[in-house]
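A quick write-up on the structure given underneath.
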Number of protein chains: 2
Amino acid sequence: MEHHQNHSQPGLNLATKHHLPKVLTIRPPTVFKSVESDFSQKFQLVKPGESQLPLDQFLATHAHDVRAMIASAATPVNSDLLRHLPSLKCIVTSSAGIDRIDLQECRRRGIAIANAGTVFSAVVADTAVALLIDVLRRVVAADRYVRGGNWPVKGDYPLGSKLGGKRVGIVGLGSVGMEVAKRLEAFGCTISYNSRKEKPSVSFPFYSNVCELATNCDILILCCALNDQTHHMINKEVLLALGKEGVIVNVARGAVIDEKELVRFLVQGDISGAGLDVFENEPEVPRELFALDNVVLSPHRAVFTEESTRDCVDLMFANLEAFFSNKPLLSLVKNQ
Amino acid sequence: MEHHQNHSQPGLNLATKHHLPKVLTIRPPTVFKSVESDFSQKFQLVKPGESQLPLDQFLATHAHDVRAMIASAATPVNSDLLRHLPSLKCIVTSSAGIDRIDLQECRRRGIAIANAGTVFSAVVADTAVALLIDVLRRVVAADRYVRGGNWPVKGDYPLGSKLGGKRVGIVGLGSVGMEVAKRLEAFGCTISYNSRKEKPSVSFPFYSNVCELATNCDILILCCALNDQTHHMINKEVLLALGKEGVIVNVARGAVIDEKELVRFLVQGDISGAGLDVFENEPEVPRELFALDNVVLSPHRAVFTEESTRDCVDLMFANLEAFFSNKPLLSLVKNQ
């Protein structure tokens, strides 16, 4: 829809603007900056970040009639915040995950949520594959080896491990998991999965128990949502089941893994390696990992490409337009 | 064939060994060490590296009747060496590339060459894909960013670029190139290629001119053999055609690129990035590249996994057995 090119009407005056529907933006996604002027042609952006007032005072003064808000993975939309927004009926988030939103309270109040849908699925899957090969083949550590001037001095870098033929267990076979599976089949991996329920349309073997999946796989790739059921789902028992030769890739949320256990397993060599895009206490990363060559550390970048963020911003715009036109949201999250 | 497990006969005595066919091993591949004892059950290994004599003297004394030799990418089999091996009829190399072998002299003398065939194609293609995503998404630089403690201090790492939708030009559509194409189609890339000749069995668009291919692509992946036709094939003109947004991945041989030009283009930002597994003067890597975040440097590791080197050693063994049984070589190189 390319609104950020077409909707530019710099002449729009303040009087008109005040007739535009209000949209609250608390800590909007970074990418939002470049398109803010486009959004403000269609919506009156309410921005507590630009006010001197403390958030709750600002909201009490300016947000009682706000019906829609923009959120991101960095915005906790908790009951505290929701209490200050009595008219809120729609949250549009730039994140695929909705773990920072109080779903129960939204359900109770009938607040609709639109997330990033599937706009990030492909780039997240790309990241998962890159992290996986990087771990198996020690690409990042080998680059360090070259830059450190070691190649001419210390000789050949050690052998890696081949991706083809590996048994990959995908935890969470949503749109990201399916994209990961599609890619890894082209590399000659065999796929199985764990998910809330078995997917009738999918022929990959299903394990209802993640520990059993780990026992039967060389690699686990975490693509699931973070919720009460998946919090610390990858615990000591699962890591033991994965075993010394096992590799884990996490493009889901940090807290899906018991991070302290993971660090212990990695440091003691009780699993073989990990590619991590997410961590329990971002932007903090356990410092024990910094010294390990069998780990690739990515600063929660799986979704962030120019192309996918543009798609995401387009989707957010379209969701807000739909909401204010009483049309169905394009990427409505099921929240029952 | 798993000879390294099954052929072990430690009781074989010296008298018997002297009846085994001689196989010369000059600088054998590193992986050879672990299987040498298996080979020496079937072949009498002639090892100049373990003698005090200079190579030419050693060969004059011990190699006049040698009919087969093991080579690797690190062994130049030039006319000088071949002169010392008057009985040589078979070279079995652990490398897919045969650029270190004097093909003309082999042709003249009727020396057969068996290379690594396709045993490395999958792992080389895996490396190409990993290097490509790593460059587009700055995975290696982002890992450095995290390990340097920058994430909590400097905030979000910059946006990457999405692989899906990119136009990828494969230079050299042999078995490696086909494996790369198979993988990248699963990521949503569109493929075209340059090769000595158009392949009738392939539906990807063919460009007879590599410059034209570069003009019509976002990414070039080099998978061709190094020979007189491909030496410095990627020159200033091709890099200009690829353009400022272009990315290049090299899993072929360093000298396929004019490396000085490539470094200049990268340093000046005249192409967007590069993933390099090979270099013109290995193990030397141009130091100007060490400071660049848009470059991934791999110390010629594309073929080196435990699985693929095991396959390669099995193939070498089978080729030697075939040669000494007057059977056709399993991975005979066409050398006309």
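By convention in this document, the chains of the structure tokens carry letters A, B, ... by their order, each chain's residues are numbered from 1, and ligands are numbered from 1 in the order they are shown.
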
>> Show me, as a ChimeraX atom specification, the residues of chain A whose atoms get within 7 Å of chain B, using only C-alpha atoms for the distance check.
In response: /A:123,130,133-134,139-140,142-143,146-147,151-152,159-162,182-183,186-187,283-284,290,296-299,304-307

What lies within 9 Å of region 51-59 of chain B using only C-alpha atoms, ignoring chain neighbours under 4 positions off, as a PDB file with C-alpha atoms, in the first residue's frame?
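The resulting file, around.pdb, is reproduced below:
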```pdb
ATOM      1  CA  LYS B  47      55.709 -40.561   2.568  1.00  0.00           C
ATOM      2  CA  ALA B  63      59.099 -43.137  -6.234  1.00  0.00           C
ATOM      3  CA  HIS B  64      60.279 -44.283  -9.650  1.00  0.00           C
ATOM      4  CA  LEU B  81      56.849 -32.986  -9.451  1.00  0.00           C
ATOM      5  CA  HIS B  84      60.028 -37.217 -10.734  1.00  0.00           C
ATOM      6  CA  LEU B  85      57.177 -39.695 -11.066  1.00  0.00           C
TER       7      LEU B  85
END
```

> If you count only C-alpha atoms, which residues fall within 12 Å of Leu266 (chain B), apart from same-chain ones fewer than 3 positions away, as JSON, numbers by chain?
Replying inline: {"B": [236, 239, 240, 243, 244, 245, 246, 247, 248, 259, 260, 261, 262, 263, 269, 270, 271, 272, 273, 274, 275, 286, 288, 289, 290, 291, 292, 293, 294, 295, 296]}

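Note that DSSP on the backbone gives strand (DSSP E or B) to these residues of region 61-223 of chain B: Ala68, Met69, Ile70, Ala71, Val77, Cys90, Ile91, Val92, Thr93, Ile101, Ala112, Ile113, Ala114, Gly160, Arg167, Val168, Gly169, Ile170, Val171, Thr190, Ile191, Ser192, Tyr193, Asn194, Phe206, Ile219, Leu220, Ile221 and Leu222 of chain B.
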
> Got a sec to tell me which of region 113-330 of chain A DSSP assigns to helix (DSSP H, G or I), as a PyMOL selection string?
Replying inline: chain A and resi 121-137+139-147+151-154+175-186+210-215+236-242+254-256+259-267+287-291+306-324

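Using only C-alpha atoms, the contacts of Glu105 (chain B) at a cut-off of 12 Å, with sequence neighbours closer than 6 positions omitted, comprise B:Val77, B:Asn78, B:Ser79, B:Asp80, B:Leu81, B:Leu82, B:Arg83, B:Pro86, B:Leu88, B:Lys89, B:Ile111, B:Ala112, B:Ile113, B:Asn335, B:Gln336.
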
Pull C-alpha atoms from the residues just selected and write them as a PDB file, in the first residue's frame.
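To be explicit, this is the file written out as selection-v5.pdb:
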```
ATOM      1  CA  VAL B  77      51.072 -31.240  -8.686  1.00  0.00           C
ATOM      2  CA  ASN B  78      53.158 -29.369 -11.229  1.00  0.00           C
ATOM      3  CA  SER B  79      55.406 -30.509 -14.069  1.00  0.00           C
ATOM      4  CA  ASP B  80      58.438 -30.430 -11.745  1.00  0.00           C
ATOM      5  CA  LEU B  81      56.849 -32.986  -9.451  1.00  0.00           C
ATOM      6  CA  LEU B  82      55.444 -35.061 -12.298  1.00  0.00           C
ATOM      7  CA  ARG B  83      58.931 -35.324 -13.852  1.00  0.00           C
ATOM      8  CA  PRO B  86      57.759 -41.493 -14.367  1.00  0.00           C
ATOM      9  CA  LEU B  88      52.482 -42.196 -12.270  1.00  0.00           C
ATOM     10  CA  LYS B  89      49.144 -43.043 -13.829  1.00  0.00           C
ATOM     11  CA  ILE B 111      47.539 -39.653 -15.997  1.00  0.00           C
ATOM     12  CA  ALA B 112      43.974 -40.071 -14.729  1.00  0.00           C
ATOM     13  CA  ILE B 113      42.679 -37.702 -12.056  1.00  0.00           C
ATOM     14  CA  ASN B 335      40.571 -33.695 -18.860  1.00  0.00           C
ATOM     15  CA  GLN B 336      40.377 -33.266 -22.610  1.00  0.00           C
TER      16      GLN B 336
END
```

>> Just to confirm, what's the straight-line distance from CA of Leu213 (chain B) to CA of Tyr193 (chain B) in Å (one decimal)?
In response: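 Separation of CA of Leu213 (chain B) and CA of Tyr193 (chain B): 7.0 Å.
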
For Met69 (chain B), find every residue with an atom within 7 Å (counting only C-alpha atoms), except residues of its own chain fewer than 6 positions away, and show them as a compact mmCIF listing (two decimals) with N, CA and C atoms, in the first residue's frame.
```txt
# COMPACT_ATOMS: atom_id res chain seq x y z
N VAL B 23 51.44 -46.04 -2.87
CA VAL B 23 50.69 -44.78 -3.07
C VAL B 23 51.49 -43.65 -2.43
N LEU B 24 51.89 -42.68 -3.25
CA LEU B 24 52.65 -41.54 -2.76
C LEU B 24 51.73 -40.54 -2.07
N THR B 25 52.10 -40.10 -0.89
CA THR B 25 51.32 -39.05 -0.21
C THR B 25 52.24 -37.89 0.14
N CYS B 90 47.89 -42.22 -11.91
CA CYS B 90 46.62 -41.86 -11.24
C CYS B 90 46.88 -40.88 -10.10
N ILE B 91 46.14 -39.76 -10.10
CA ILE B 91 46.18 -38.80 -8.99
C ILE B 91 44.80 -38.79 -8.35
N VAL B 92 44.76 -39.06 -7.06
CA VAL B 92 43.49 -39.00 -6.33
C VAL B 92 43.58 -37.81 -5.37
```

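For the atom pair formed by CA of Leu222 (chain A) and CA of Val256 (chain A), the distance is 8.1 Å, given to one decimal.
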
>> So, with only C-alpha atoms as the atoms that count, which of A:Phe317, A:Ala114, A:Arg109, A:Ala68 lies closest to Ser331 (chain A)?
In response: A:Ala114

>> Which residue is closest to Ala252 (chain B)? Choose from B:Ala116, B:Val278, B:Met316, B:Ile219 and count only C-alpha atoms.
In response: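 Ranking B:Ala116, B:Val278, B:Met316, B:Ile219 by distance to Ala252 (chain B), first place goes to B:Val278.
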
>> Would you pick out the contacts of region 94-102 of chain B at 8 Å or less, using only C-alpha atoms, so that residues sharing its chain but fewer than 6 positions from it are not included, and give the list as a PyMOL selection string?
In response: chain B and resi 29+70-79+115-118+120+225-227+312-313+316

>> I want to know what sits within 9 Å of Pro328 (chain A), based on only C-alpha atoms, with residues of the same chain fewer than 5 positions away left out; could you give that as a PyMOL selection string?
In response: chain A and resi 319+322-323
